[in-house]
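Listing of my_file-v2.cif; format and content: mmCIF, C-alpha atoms.
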```
data_model
#
loop_
_atom_site.group_PDB
_atom_site.id
_atom_site.type_symbol
_atom_site.label_atom_id
_atom_site.label_comp_id
_atom_site.auth_asym_id
_atom_site.auth_seq_id
_atom_site.Cartn_x
_atom_site.Cartn_y
_atom_site.Cartn_z
ATOM 1 C CA MET A 1 25.740 11.107 3.063
ATOM 2 C CA PRO A 2 23.570 8.272 1.635
ATOM 3 C CA ILE A 3 22.569 5.541 4.044
ATOM 4 C CA ASP A 4 24.032 2.059 3.757
ATOM 5 C CA ASN A 5 21.164 -0.002 2.337
ATOM 6 C CA SER A 6 22.882 -3.233 3.383
ATOM 7 C CA ILE A 7 22.163 -2.239 6.994
ATOM 8 C CA THR A 8 18.489 -1.746 6.161
ATOM 9 C CA LYS A 9 18.439 -5.163 4.506
ATOM 10 C CA ARG A 10 19.991 -6.819 7.567
ATOM 11 C CA LEU A 11 17.502 -4.997 9.796
ATOM 12 C CA ASN A 12 14.524 -6.272 7.808
ATOM 13 C CA GLU A 13 15.928 -9.814 7.650
ATOM 14 C CA PHE A 14 16.433 -9.937 11.418
ATOM 15 C CA LEU A 15 12.941 -8.651 12.191
ATOM 16 C CA ALA A 16 11.441 -11.172 9.744
ATOM 17 C CA MET A 17 12.936 -14.114 11.669
ATOM 18 C CA THR A 18 10.601 -16.256 13.765
ATOM 19 C CA ASP A 19 12.927 -18.620 15.652
ATOM 20 C CA ARG A 20 16.071 -16.729 16.590
ATOM 21 C CA THR A 21 19.099 -18.493 18.027
ATOM 22 C CA SER A 22 21.422 -16.846 20.521
ATOM 23 C CA GLU A 23 23.802 -16.193 17.617
ATOM 24 C CA ASP A 24 20.994 -14.480 15.693
ATOM 25 C CA ILE A 25 20.200 -12.262 18.671
ATOM 26 C CA ILE A 26 23.865 -11.369 19.092
ATOM 27 C CA SER A 27 23.938 -10.383 15.395
ATOM 28 C CA GLY A 28 20.824 -8.264 15.962
ATOM 29 C CA ALA A 29 22.378 -6.643 19.021
ATOM 30 C CA THR A 30 25.531 -5.896 17.037
ATOM 31 C CA LEU A 31 23.409 -4.265 14.340
ATOM 32 C CA LEU A 32 21.592 -2.260 17.018
ATOM 33 C CA LEU A 33 24.930 -1.116 18.434
ATOM 34 C CA GLN A 34 25.914 0.067 14.971
ATOM 35 C CA LEU A 35 22.685 2.047 14.721
ATOM 36 C CA ASN A 36 22.291 3.549 18.195
ATOM 37 C CA ARG A 37 25.870 3.357 19.556
ATOM 38 C CA ASN A 38 24.516 2.289 22.943
ATOM 39 C CA ARG A 39 27.338 0.064 24.205
ATOM 40 C CA GLN A 40 25.791 -0.302 27.660
ATOM 41 C CA LEU A 41 22.652 -1.877 26.202
ATOM 42 C CA PHE A 42 24.778 -4.101 23.948
ATOM 43 C CA GLN A 43 26.795 -5.400 26.913
ATOM 44 C CA THR A 44 23.586 -6.086 28.833
ATOM 45 C CA VAL A 45 22.195 -8.165 25.972
ATOM 46 C CA MET A 46 25.447 -10.129 25.770
ATOM 47 C CA THR A 47 24.958 -11.395 29.327
ATOM 48 C CA ASN A 48 21.889 -13.410 28.246
ATOM 49 C CA PRO A 49 20.922 -12.955 24.557
ATOM 50 C CA LYS A 50 17.758 -15.096 24.653
ATOM 51 C CA HIS A 51 16.432 -13.244 27.691
ATOM 52 C CA PHE A 52 16.863 -9.859 25.989
ATOM 53 C CA GLU A 53 15.563 -10.900 22.562
ATOM 54 C CA SER A 54 12.371 -8.832 22.881
ATOM 55 C CA THR A 55 14.424 -5.784 23.882
ATOM 56 C CA VAL A 56 16.600 -6.075 20.778
ATOM 57 C CA VAL A 57 13.522 -6.502 18.553
ATOM 58 C CA TYR A 58 11.766 -3.522 20.176
ATOM 59 C CA GLU A 59 14.761 -1.222 19.793
ATOM 60 C CA LEU A 60 15.449 -2.272 16.190
ATOM 61 C CA LYS A 61 11.821 -1.690 15.171
ATOM 62 C CA LYS A 62 12.298 1.997 15.998
ATOM 63 C CA PHE A 63 14.715 2.231 13.087
ATOM 64 C CA VAL A 64 12.405 0.792 10.413
ATOM 65 C CA PRO A 65 10.521 4.042 9.598
ATOM 66 C CA ILE A 66 13.742 6.038 9.945
ATOM 67 C CA ARG A 67 15.525 3.865 7.383
ATOM 68 C CA GLN A 68 12.463 3.833 5.097
ATOM 69 C CA ARG A 69 12.729 7.617 4.941
ATOM 70 C CA GLY A 70 16.388 7.262 3.970
ATOM 71 C CA GLN A 71 17.613 8.793 7.225
ATOM 72 C CA THR A 72 20.369 8.132 9.708
ATOM 73 C CA LEU A 73 20.344 9.271 13.336
ATOM 74 C CA GLU A 74 22.607 12.130 12.298
ATOM 75 C CA ASP A 75 19.935 13.230 9.819
ATOM 76 C CA VAL A 76 17.324 13.123 12.597
ATOM 77 C CA GLN A 77 19.547 15.248 14.832
ATOM 78 C CA ASN A 78 20.128 17.785 12.046
ATOM 79 C CA ASP A 79 16.393 17.952 11.308
ATOM 80 C CA ALA A 80 15.669 18.458 14.997
ATOM 81 C CA LYS A 81 18.176 21.288 15.291
ATOM 82 C CA GLN A 82 16.783 23.113 12.264
ATOM 83 C CA LEU A 83 13.064 22.522 12.851
ATOM 84 C CA LEU A 84 13.007 23.075 16.602
ATOM 85 C CA GLY A 85 15.072 26.234 16.146
ATOM 86 C CA GLU A 86 12.571 27.562 13.600
ATOM 87 C CA LEU A 87 9.628 26.660 15.826
ATOM 88 C CA LYS A 88 11.195 28.257 18.892
ATOM 89 C CA THR A 89 10.950 31.568 17.053
ATOM 90 C CA ALA A 90 7.326 30.868 16.070
ATOM 91 C CA VAL A 91 6.320 29.855 19.599
ATOM 92 C CA ASN A 92 7.905 32.994 21.034
ATOM 93 C CA GLU A 93 6.023 35.127 18.494
ATOM 94 C CA GLU A 94 2.572 33.909 19.547
ATOM 95 C CA PRO A 95 0.607 36.643 21.352
ATOM 96 C CA ALA A 96 -0.164 35.791 24.976
ATOM 97 C CA GLU A 97 -3.821 36.798 24.540
ATOM 98 C CA ASN A 98 -4.357 33.995 21.999
ATOM 99 C CA ASP A 99 -5.342 31.624 24.799
ATOM 100 C CA SER A 100 -8.506 33.641 25.449
ATOM 101 C CA LYS A 101 -9.596 33.862 21.784
ATOM 102 C CA ASP A 102 -11.649 31.574 19.579
ATOM 103 C CA ASP A 103 -9.691 29.687 16.925
ATOM 104 C CA SER A 104 -11.105 31.854 14.131
ATOM 105 C CA GLU A 105 -9.938 35.028 15.888
ATOM 106 C CA LYS A 106 -6.422 34.052 16.930
ATOM 107 C CA ASP A 107 -3.325 35.844 15.631
ATOM 108 C CA LEU A 108 -1.361 32.878 14.362
ATOM 109 C CA PRO A 109 2.467 32.934 14.323
ATOM 110 C CA MET A 110 4.528 33.268 11.135
ATOM 111 C CA HIS A 111 1.686 34.912 9.242
ATOM 112 C CA GLY A 112 0.715 38.493 8.518
ATOM 113 C CA GLY A 113 -2.941 38.165 9.473
ATOM 114 C CA LYS A 114 -6.270 37.784 7.744
ATOM 115 C CA ARG A 115 -6.902 39.140 4.280
ATOM 116 C CA PRO A 116 -9.014 42.330 4.058
ATOM 117 C CA ASP A 117 -11.536 40.345 1.999
ATOM 118 C CA HIS A 118 -11.599 37.392 4.391
ATOM 119 C CA ASP A 119 -15.362 37.487 4.988
ATOM 120 C CA SER A 120 -16.085 37.346 1.259
ATOM 121 C CA LEU A 121 -13.870 34.311 0.612
ATOM 122 C CA PRO A 122 -15.380 30.876 -0.117
ATOM 123 C CA ASP A 123 -16.069 28.807 2.986
ATOM 124 C CA ASN A 124 -13.324 26.278 2.219
ATOM 125 C CA ILE A 125 -10.727 29.063 2.064
ATOM 126 C CA LYS A 126 -12.038 30.877 5.148
ATOM 127 C CA ALA A 127 -11.909 27.552 6.980
ATOM 128 C CA ILE A 128 -8.121 27.482 6.630
ATOM 129 C CA TRP A 129 -7.881 29.957 9.488
ATOM 130 C CA PRO A 130 -9.582 27.882 12.230
ATOM 131 C CA GLN A 131 -8.026 24.707 10.775
ATOM 132 C CA ASN A 132 -4.566 26.218 11.093
ATOM 133 C CA ALA A 133 -5.400 27.401 14.593
ATOM 134 C CA GLU A 134 -6.078 23.755 15.455
ATOM 135 C CA ARG A 135 -2.881 22.691 13.692
ATOM 136 C CA TRP A 136 -0.975 25.263 15.704
ATOM 137 C CA LYS A 137 -2.159 23.648 18.952
ATOM 138 C CA LYS A 138 -0.842 20.297 17.703
ATOM 139 C CA ILE A 139 2.408 21.900 16.594
ATOM 140 C CA LYS A 140 3.014 23.343 20.055
ATOM 141 C CA SER A 141 2.188 20.018 21.711
ATOM 142 C CA LEU A 142 4.515 18.093 19.391
ATOM 143 C CA TYR A 143 7.198 20.754 19.790
ATOM 144 C CA ASN A 144 7.158 20.365 23.582
ATOM 145 C CA THR A 145 7.155 16.574 23.222
ATOM 146 C CA CYS A 146 10.222 16.721 20.994
ATOM 147 C CA LEU A 147 12.040 19.024 23.396
ATOM 148 C CA GLY A 148 11.654 16.373 26.092
ATOM 149 C CA ILE A 149 13.141 13.499 24.051
ATOM 150 C CA THR A 150 16.911 13.081 24.038
ATOM 151 C CA GLU A 151 17.463 9.893 22.024
ATOM 152 C CA PRO A 152 17.261 10.414 18.228
ATOM 153 C CA CYS A 153 15.682 6.992 17.614
ATOM 154 C CA ASP A 154 12.853 7.903 20.025
ATOM 155 C CA LEU A 155 12.603 11.415 18.651
ATOM 156 C CA ALA A 156 12.323 10.474 14.967
ATOM 157 C CA GLU A 157 8.584 9.730 14.677
ATOM 158 C CA SER A 158 7.379 12.680 16.758
ATOM 159 C CA LEU A 159 9.768 14.937 14.852
ATOM 160 C CA ASN A 160 8.568 13.637 11.482
ATOM 161 C CA THR A 161 4.916 14.242 12.421
ATOM 162 C CA LEU A 162 5.817 17.698 13.699
ATOM 163 C CA LYS A 163 7.573 18.475 10.412
ATOM 164 C CA GLU A 164 4.591 17.330 8.336
ATOM 165 C CA THR A 165 2.137 19.339 10.461
ATOM 166 C CA TRP A 166 4.321 22.455 10.354
ATOM 167 C CA TYR A 167 4.785 22.277 6.585
ATOM 168 C CA LYS A 168 1.040 21.744 6.164
ATOM 169 C CA TYR A 169 0.395 24.790 8.352
ATOM 170 C CA LYS A 170 2.648 26.924 6.156
ATOM 171 C CA SER A 171 1.393 25.538 2.834
ATOM 172 C CA GLU A 172 -2.237 26.094 3.849
ATOM 173 C CA PHE A 173 -1.493 29.721 4.682
ATOM 174 C CA SER A 174 0.146 30.056 1.267
ATOM 175 C CA ARG A 175 -3.028 28.652 -0.294
ATOM 176 C CA TYR A 176 -5.083 31.132 1.744
ATOM 177 C CA ASP A 177 -2.910 34.102 0.745
ATOM 178 C CA ASP A 178 -2.699 33.134 -2.929
ATOM 179 C CA PHE A 179 -6.332 32.220 -3.482
ATOM 180 C CA ILE A 180 -7.662 33.748 -6.701
ATOM 181 C CA VAL A 181 -10.799 35.783 -6.134
ATOM 182 C CA GLU A 182 -13.515 35.603 -8.762
ATOM 183 C CA ASN A 183 -15.160 38.833 -9.759
ATOM 184 C CA ASN A 184 -18.119 38.910 -12.179
ATOM 185 C CA ASP A 185 -17.257 35.393 -13.347
ATOM 186 C CA GLU A 186 -13.819 36.559 -14.467
ATOM 187 C CA THR A 187 -10.621 35.488 -12.764
ATOM 188 C CA VAL A 188 -8.829 38.518 -11.402
ATOM 189 C CA LYS A 189 -5.398 38.329 -9.823
ATOM 190 C CA ASN A 190 -2.126 39.807 -11.024
ATOM 191 C CA GLY A 191 -3.684 40.467 -14.446
ATOM 192 C CA GLU A 192 -4.823 36.859 -15.021
ATOM 193 C CA ASP A 193 -7.802 36.611 -17.390
ATOM 194 C CA PRO A 194 -10.434 33.882 -17.886
ATOM 195 C CA ALA A 195 -8.543 32.416 -20.830
ATOM 196 C CA GLU A 196 -5.424 31.972 -18.711
ATOM 197 C CA SER A 197 -7.488 30.379 -15.942
ATOM 198 C CA ALA A 198 -9.049 27.925 -18.414
ATOM 199 C CA LYS A 199 -5.592 27.128 -19.761
ATOM 200 C CA ALA A 200 -4.326 26.398 -16.236
ATOM 201 C CA VAL A 201 -7.210 23.992 -15.661
ATOM 202 C CA THR A 202 -6.562 22.218 -18.967
ATOM 203 C CA ASN A 203 -2.856 21.903 -18.226
ATOM 204 C CA ALA A 204 -3.564 20.570 -14.737
ATOM 205 C CA ARG A 205 -5.941 17.924 -16.054
ATOM 206 C CA SER A 206 -3.436 16.923 -18.742
ATOM 207 C CA TYR A 207 -0.714 16.528 -16.106
ATOM 208 C CA LEU A 208 -2.928 14.376 -13.867
ATOM 209 C CA SER A 209 -3.871 12.146 -16.792
ATOM 210 C CA LYS A 210 -0.198 11.683 -17.616
ATOM 211 C CA MET A 211 0.662 10.717 -14.034
ATOM 212 C CA VAL A 212 -2.049 8.027 -13.772
ATOM 213 C CA LYS A 213 -1.546 6.701 -17.320
ATOM 214 C CA ASP A 214 -0.032 3.219 -17.100
ATOM 215 C CA ASP A 215 0.197 3.769 -13.300
ATOM 216 C CA LYS A 216 3.206 6.072 -13.738
ATOM 217 C CA LEU A 217 2.996 7.782 -10.318
ATOM 218 C CA LEU A 218 1.976 4.539 -8.579
ATOM 219 C CA ASP A 219 5.012 2.747 -10.026
ATOM 220 C CA MET A 220 7.253 5.578 -8.803
ATOM 221 C CA LYS A 221 5.734 5.187 -5.343
ATOM 222 C CA LYS A 222 6.421 1.439 -5.335
ATOM 223 C CA ALA A 223 9.977 2.009 -6.513
ATOM 224 C CA SER A 224 10.614 4.511 -3.726
ATOM 225 C CA LEU A 225 9.360 2.059 -1.090
ATOM 226 C CA ALA A 226 11.204 -0.984 -2.437
ATOM 227 C CA ASP A 227 14.067 -2.548 -0.511
ATOM 228 C CA GLY A 228 17.306 -0.893 -1.545
ATOM 229 C CA ALA A 229 15.563 2.098 -3.147
ATOM 230 C CA ASP A 230 18.133 4.781 -3.826
ATOM 231 C CA GLU A 231 17.802 8.431 -2.919
ATOM 232 C CA LYS A 232 17.208 9.387 -6.548
ATOM 233 C CA ALA A 233 14.097 7.187 -6.801
ATOM 234 C CA ILE A 234 12.747 8.435 -3.486
ATOM 235 C CA ASN A 235 13.279 12.105 -4.376
ATOM 236 C CA ALA A 236 11.799 11.598 -7.859
ATOM 237 C CA TYR A 237 8.609 10.164 -6.382
ATOM 238 C CA HIS A 238 8.171 12.884 -3.767
ATOM 239 C CA SER A 239 8.812 15.601 -6.345
ATOM 240 C CA SER A 240 6.242 14.140 -8.755
ATOM 241 C CA LEU A 241 3.792 13.586 -5.893
ATOM 242 C CA GLN A 242 4.050 17.228 -4.826
ATOM 243 C CA ASN A 243 3.568 18.430 -8.405
ATOM 244 C CA THR A 244 0.530 16.185 -8.730
ATOM 245 C CA GLN A 245 -0.863 17.365 -5.396
ATOM 246 C CA ASP A 246 -0.462 20.993 -6.544
ATOM 247 C CA ARG A 247 -2.473 20.315 -9.717
ATOM 248 C CA VAL A 248 -5.207 18.619 -7.717
ATOM 249 C CA GLN A 249 -5.365 21.601 -5.366
ATOM 250 C CA LEU A 250 -5.563 24.012 -8.321
ATOM 251 C CA LEU A 251 -8.577 22.161 -9.713
ATOM 252 C CA LEU A 252 -10.273 22.024 -6.326
ATOM 253 C CA ASP A 253 -9.668 25.730 -5.696
ATOM 254 C CA LYS A 254 -11.283 26.552 -9.032
ATOM 255 C CA GLY A 255 -14.320 24.421 -8.234
ATOM 256 C CA GLU A 256 -13.480 21.779 -10.841
ATOM 257 C CA VAL A 257 -14.820 18.229 -10.490
ATOM 258 C CA ILE A 258 -12.346 15.357 -10.269
ATOM 259 C CA GLY A 259 -14.016 12.079 -11.269
ATOM 260 C CA ASP A 260 -14.196 9.107 -8.899
ATOM 261 C CA ASP A 261 -11.998 6.903 -11.088
ATOM 262 C CA LEU A 262 -9.249 9.533 -11.333
ATOM 263 C CA ARG A 263 -9.540 10.281 -7.592
ATOM 264 C CA ALA A 264 -9.119 6.590 -6.759
ATOM 265 C CA LYS A 265 -6.008 6.238 -8.925
ATOM 266 C CA LEU A 266 -4.468 9.413 -7.517
ATOM 267 C CA ALA A 267 -5.206 8.389 -3.921
ATOM 268 C CA GLU A 268 -3.631 4.964 -4.484
ATOM 269 C CA ALA A 269 -0.483 6.715 -5.716
ATOM 270 C CA GLY A 270 -0.283 8.833 -2.546
ATOM 271 C CA VAL A 271 -2.280 11.996 -3.332
ATOM 272 C CA VAL A 272 -4.305 13.248 -0.355
ATOM 273 C CA PHE A 273 -7.638 14.960 -0.884
ATOM 274 C CA PRO A 274 -8.738 17.518 1.753
ATOM 275 C CA GLU A 275 -11.612 15.394 3.028
ATOM 276 C CA ASP A 276 -9.300 12.384 3.419
ATOM 277 C CA GLU A 277 -6.486 14.044 5.387
ATOM 278 C CA PRO A 278 -5.249 11.860 8.275
ATOM 279 C CA SER A 279 -4.993 13.060 11.838
ATOM 280 C CA GLU A 280 -1.818 15.001 12.497
ATOM 281 C CA THR A 281 -1.306 13.724 16.045
ATOM 282 C CA VAL A 282 1.216 11.314 17.429
ATOM 283 C CA ASP A 283 1.604 9.585 20.748
ATOM 284 C CA PRO A 284 4.615 10.883 22.632
ATOM 285 C CA SER A 285 7.595 8.569 22.208
ATOM 286 C CA GLU A 286 9.122 7.020 25.270
ATOM 287 C CA ASN A 287 12.655 7.995 26.006
ATOM 288 C CA SER A 288 14.971 5.068 26.569
ATOM 289 C CA GLY A 289 18.595 4.096 26.349
ATOM 290 C CA SER A 290 21.723 6.219 26.437
ATOM 291 C CA THR A 291 24.208 7.318 23.850
ATOM 292 C CA ASP A 292 27.549 6.792 25.469
ATOM 293 C CA ASP A 293 29.775 5.626 22.611
ATOM 294 C CA LYS A 294 30.481 7.831 19.624
ATOM 295 C CA ASP A 295 33.122 5.732 17.876
ATOM 296 C CA ILE A 296 30.723 3.366 16.065
ATOM 297 C CA LYS A 297 29.040 5.120 13.125
ATOM 298 C CA ASP A 298 25.703 4.585 11.439
ATOM 299 C CA GLU A 299 26.585 4.753 7.777
#
```
Can I see the file as structure tokens?
Amino acid sequence: MPIDNSITKRLNEFLAMTDRTSEDIISGATLLLQLNRNRQLFQTVMTNPKHFESTVVYELKKFVPIRQRGQTLEDVQNDAKQLLGELKTAVNEEPAENDSKDDSEKDLPMHGGKRPDHDSLPDNIKAIWPQNAERWKKIKSLYNTCLGITEPCDLAESLNTLKETWYKYKSEFSRYDDFIVENNDETVKNGEDPAESAKAVTNARSYLSKMVKDDKLLDMKKASLADGADEKAINAYHSSLQNTQDRVQLLLDKGEVIGDDLRAKLAEAGVVFPEDEPSETVDPSENSGSTDDKDIKDE
């Protein structure tokens, strides 16, 4: 169910205020009640709105990134159920002896193991193994953090970081497994020949040029982040961003050079280059509040 963008607009308007009256704070508390259904907190604020202004602001700020992602608390709860269930299986699969092994030697969950030709792979592909071993440590830490958080509004950011780290872990193993090995300067995998490889490079470059021409991908990014952006615009941007990221990765895997000007335009539009990847850690969220009223719905 799409979120009600009028709620997001009211949220942003309230947080943008500088001098709030008691009536403004009551309106903010009413909005908070609609979002978190915490009637006990709402009644507390009503006893002295000006005194609890900072509390209302603090609690509402938690919802800004959630709403920017087009989510409701129900979406967060559904994501948590699915992701934490999947990770419970992965955590249980990890061999106990992993703790005594170096990162490069660990048997990582949800993967079949190292390729027979691992030692002959390029360094950047071999490095995926210890990098994913480090990601796995972060995944387990975030997983345990999420298990200890009960309120969806407090859970959202840790859960989102966990999701991104987990998907990166899986996509990097796919890149490791699917890497095309070069043999005698000819591309050999599943019958692919040098001509096909050259064609793939040309097509990838053509696609990247199209996405930066007239700031096409950048404009899609801005549209997806604009106030009132609909789900269609958000999904269109993320789909195009992923397709662009895949083309960039193809060129990098084949040792192709991506010029500084093109890199800068792609990065501005949201593309992440391996050397620029941000840290995948997050401070544990504090658990607060209670959810004791289910009859007021976040639309």
- Message: Quick check, in Å to one decimal: how far apart do CA of Phe173 (chain A) and CA of Ser141 (chain A) lie?
- Response: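 Distance between the two atoms: 19.9 Å.
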All residues 9 Å or closer to region 112-117 of chain A, all atoms listed in the file, same chain fewer than 5 positions away omitted, as a PDB file with C-alpha atoms, keeping the file's coordinate frame:
```
ATOM      1  CA  ASP A 107      -3.325  35.844  15.631  1.00  0.00           C
ATOM      2  CA  TRP A 129      -7.881  29.957   9.488  1.00  0.00           C
ATOM      3  CA  TYR A 176      -5.083  31.132   1.744  1.00  0.00           C
ATOM      4  CA  ASP A 177      -2.910  34.102   0.745  1.00  0.00           C
TER       5      ASP A 177
END
```
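Distance check against His238 (chain A) using all atoms listed in the file: of A:Met110, A:Arg69, A:Arg263, A:Gly85, the minimum falls on A:Arg69.
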- List the residues matched by the PyMOL selection byres ((chain A and resi 77) around 10) in the displayed structure as a list of chain:residue names, ordered by chain and then by residue number.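 Taken over the shown coordinates, the PyMOL selection byres ((chain A and resi 77) around 10) returns A:Thr72, A:Leu73, A:Glu74, A:Asp75, A:Val76, A:Asn78, A:Asp79, A:Ala80, A:Lys81, A:Gln82, A:Leu83, A:Thr150, A:Glu151, A:Pro152, A:Cys153, A:Leu155, A:Ala156, A:Leu159.
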- Note on the structure: One decimal place gives the CA of Ser120 (chain A)-CA of Lys168 (chain A) separation as 23.7 Å
- Note on the structure: From CA of Ala29 (chain A) to CA of Met17 (chain A) the spacing works out at 14.1 Å
- Message: Taking 5 positions as the minimum chain separation for residues in the same chain, which residues sit within 10 Å of Thr30 (chain A) when counting all atoms listed in the file? Answer as a ChimeraX atom specification.
- Response: /A:24-25,35,37,39,42-43,45-46,56
- Message: Using only C-alpha atoms, can you tell me which of A:Asp253, A:Asp260, A:Asp219, A:Asp119 comes closest to Ser240 (chain A)?
- Response: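 Of the candidates, the smallest distance to Ser240 (chain A) is held by A:Asp219.
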- Task: Carefully work through the PyMOL selection byres ((chain A and resi 216) around 12) for this structure and note down the residues it includes, as a PyMOL selection string.
- Result: chain A and resi 207-215+217-223+236-237+240-241+244+265-266+268-269
Running the PyMOL selection byres ((chain A and resi 170) around 12) on this model by hand, what would come out? Give it as a PDB file with C-alpha atoms, in the frame of the given file.
```pdb
ATOM      1  CA  LEU A  87       9.628  26.660  15.826  1.00  0.00           C
ATOM      2  CA  ALA A  90       7.326  30.868  16.070  1.00  0.00           C
ATOM      3  CA  LEU A 108      -1.361  32.878  14.362  1.00  0.00           C
ATOM      4  CA  PRO A 109       2.467  32.934  14.323  1.00  0.00           C
ATOM      5  CA  MET A 110       4.528  33.268  11.135  1.00  0.00           C
ATOM      6  CA  HIS A 111       1.686  34.912   9.242  1.00  0.00           C
ATOM      7  CA  GLY A 112       0.715  38.493   8.518  1.00  0.00           C
ATOM      8  CA  ILE A 128      -8.121  27.482   6.630  1.00  0.00           C
ATOM      9  CA  TRP A 129      -7.881  29.957   9.488  1.00  0.00           C
ATOM     10  CA  GLN A 131      -8.026  24.707  10.775  1.00  0.00           C
ATOM     11  CA  ASN A 132      -4.566  26.218  11.093  1.00  0.00           C
ATOM     12  CA  ALA A 133      -5.400  27.401  14.593  1.00  0.00           C
ATOM     13  CA  ARG A 135      -2.881  22.691  13.692  1.00  0.00           C
ATOM     14  CA  TRP A 136      -0.975  25.263  15.704  1.00  0.00           C
ATOM     15  CA  ILE A 139       2.408  21.900  16.594  1.00  0.00           C
ATOM     16  CA  LYS A 163       7.573  18.475  10.412  1.00  0.00           C
ATOM     17  CA  GLU A 164       4.591  17.330   8.336  1.00  0.00           C
ATOM     18  CA  THR A 165       2.137  19.339  10.461  1.00  0.00           C
ATOM     19  CA  TRP A 166       4.321  22.455  10.354  1.00  0.00           C
ATOM     20  CA  TYR A 167       4.785  22.277   6.585  1.00  0.00           C
ATOM     21  CA  LYS A 168       1.040  21.744   6.164  1.00  0.00           C
ATOM     22  CA  TYR A 169       0.395  24.790   8.352  1.00  0.00           C
ATOM     23  CA  SER A 171       1.393  25.538   2.834  1.00  0.00           C
ATOM     24  CA  GLU A 172      -2.237  26.094   3.849  1.00  0.00           C
ATOM     25  CA  PHE A 173      -1.493  29.721   4.682  1.00  0.00           C
ATOM     26  CA  SER A 174       0.146  30.056   1.267  1.00  0.00           C
ATOM     27  CA  ARG A 175      -3.028  28.652  -0.294  1.00  0.00           C
ATOM     28  CA  TYR A 176      -5.083  31.132   1.744  1.00  0.00           C
ATOM     29  CA  ASP A 177      -2.910  34.102   0.745  1.00  0.00           C
TER      30      ASP A 177
END
```
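Proximity to Ile7 (chain A) was assessed for A:Lys126, A:Glu59, A:Gln68, A:Gln242 counting all atoms listed in the file; the smallest distance is recorded for A:Gln68.
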- Query: Of the candidates A:Gly70, A:Lys9, A:Val271, A:Thr145, which one gets nearest to Lys232 (chain A) if we count all atoms listed in the file?
  - Reply: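 Closest candidate: A:Gly70.
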- Item | Of the listed residues A:Ala226, A:Ile26, A:Val257, A:Val181, that which approaches Thr44 (chain A) most closely, counting only C-alpha atoms | A:Ile26
- Query: For Lys61 (chain A), which residue out of A:Glu134, A:Asp227, A:Glu256, A:Glu13 is the nearest one, using only C-alpha atoms?
  - Reply: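 Checking each candidate against Lys61 (chain A), we get A:Glu13 as the closest.
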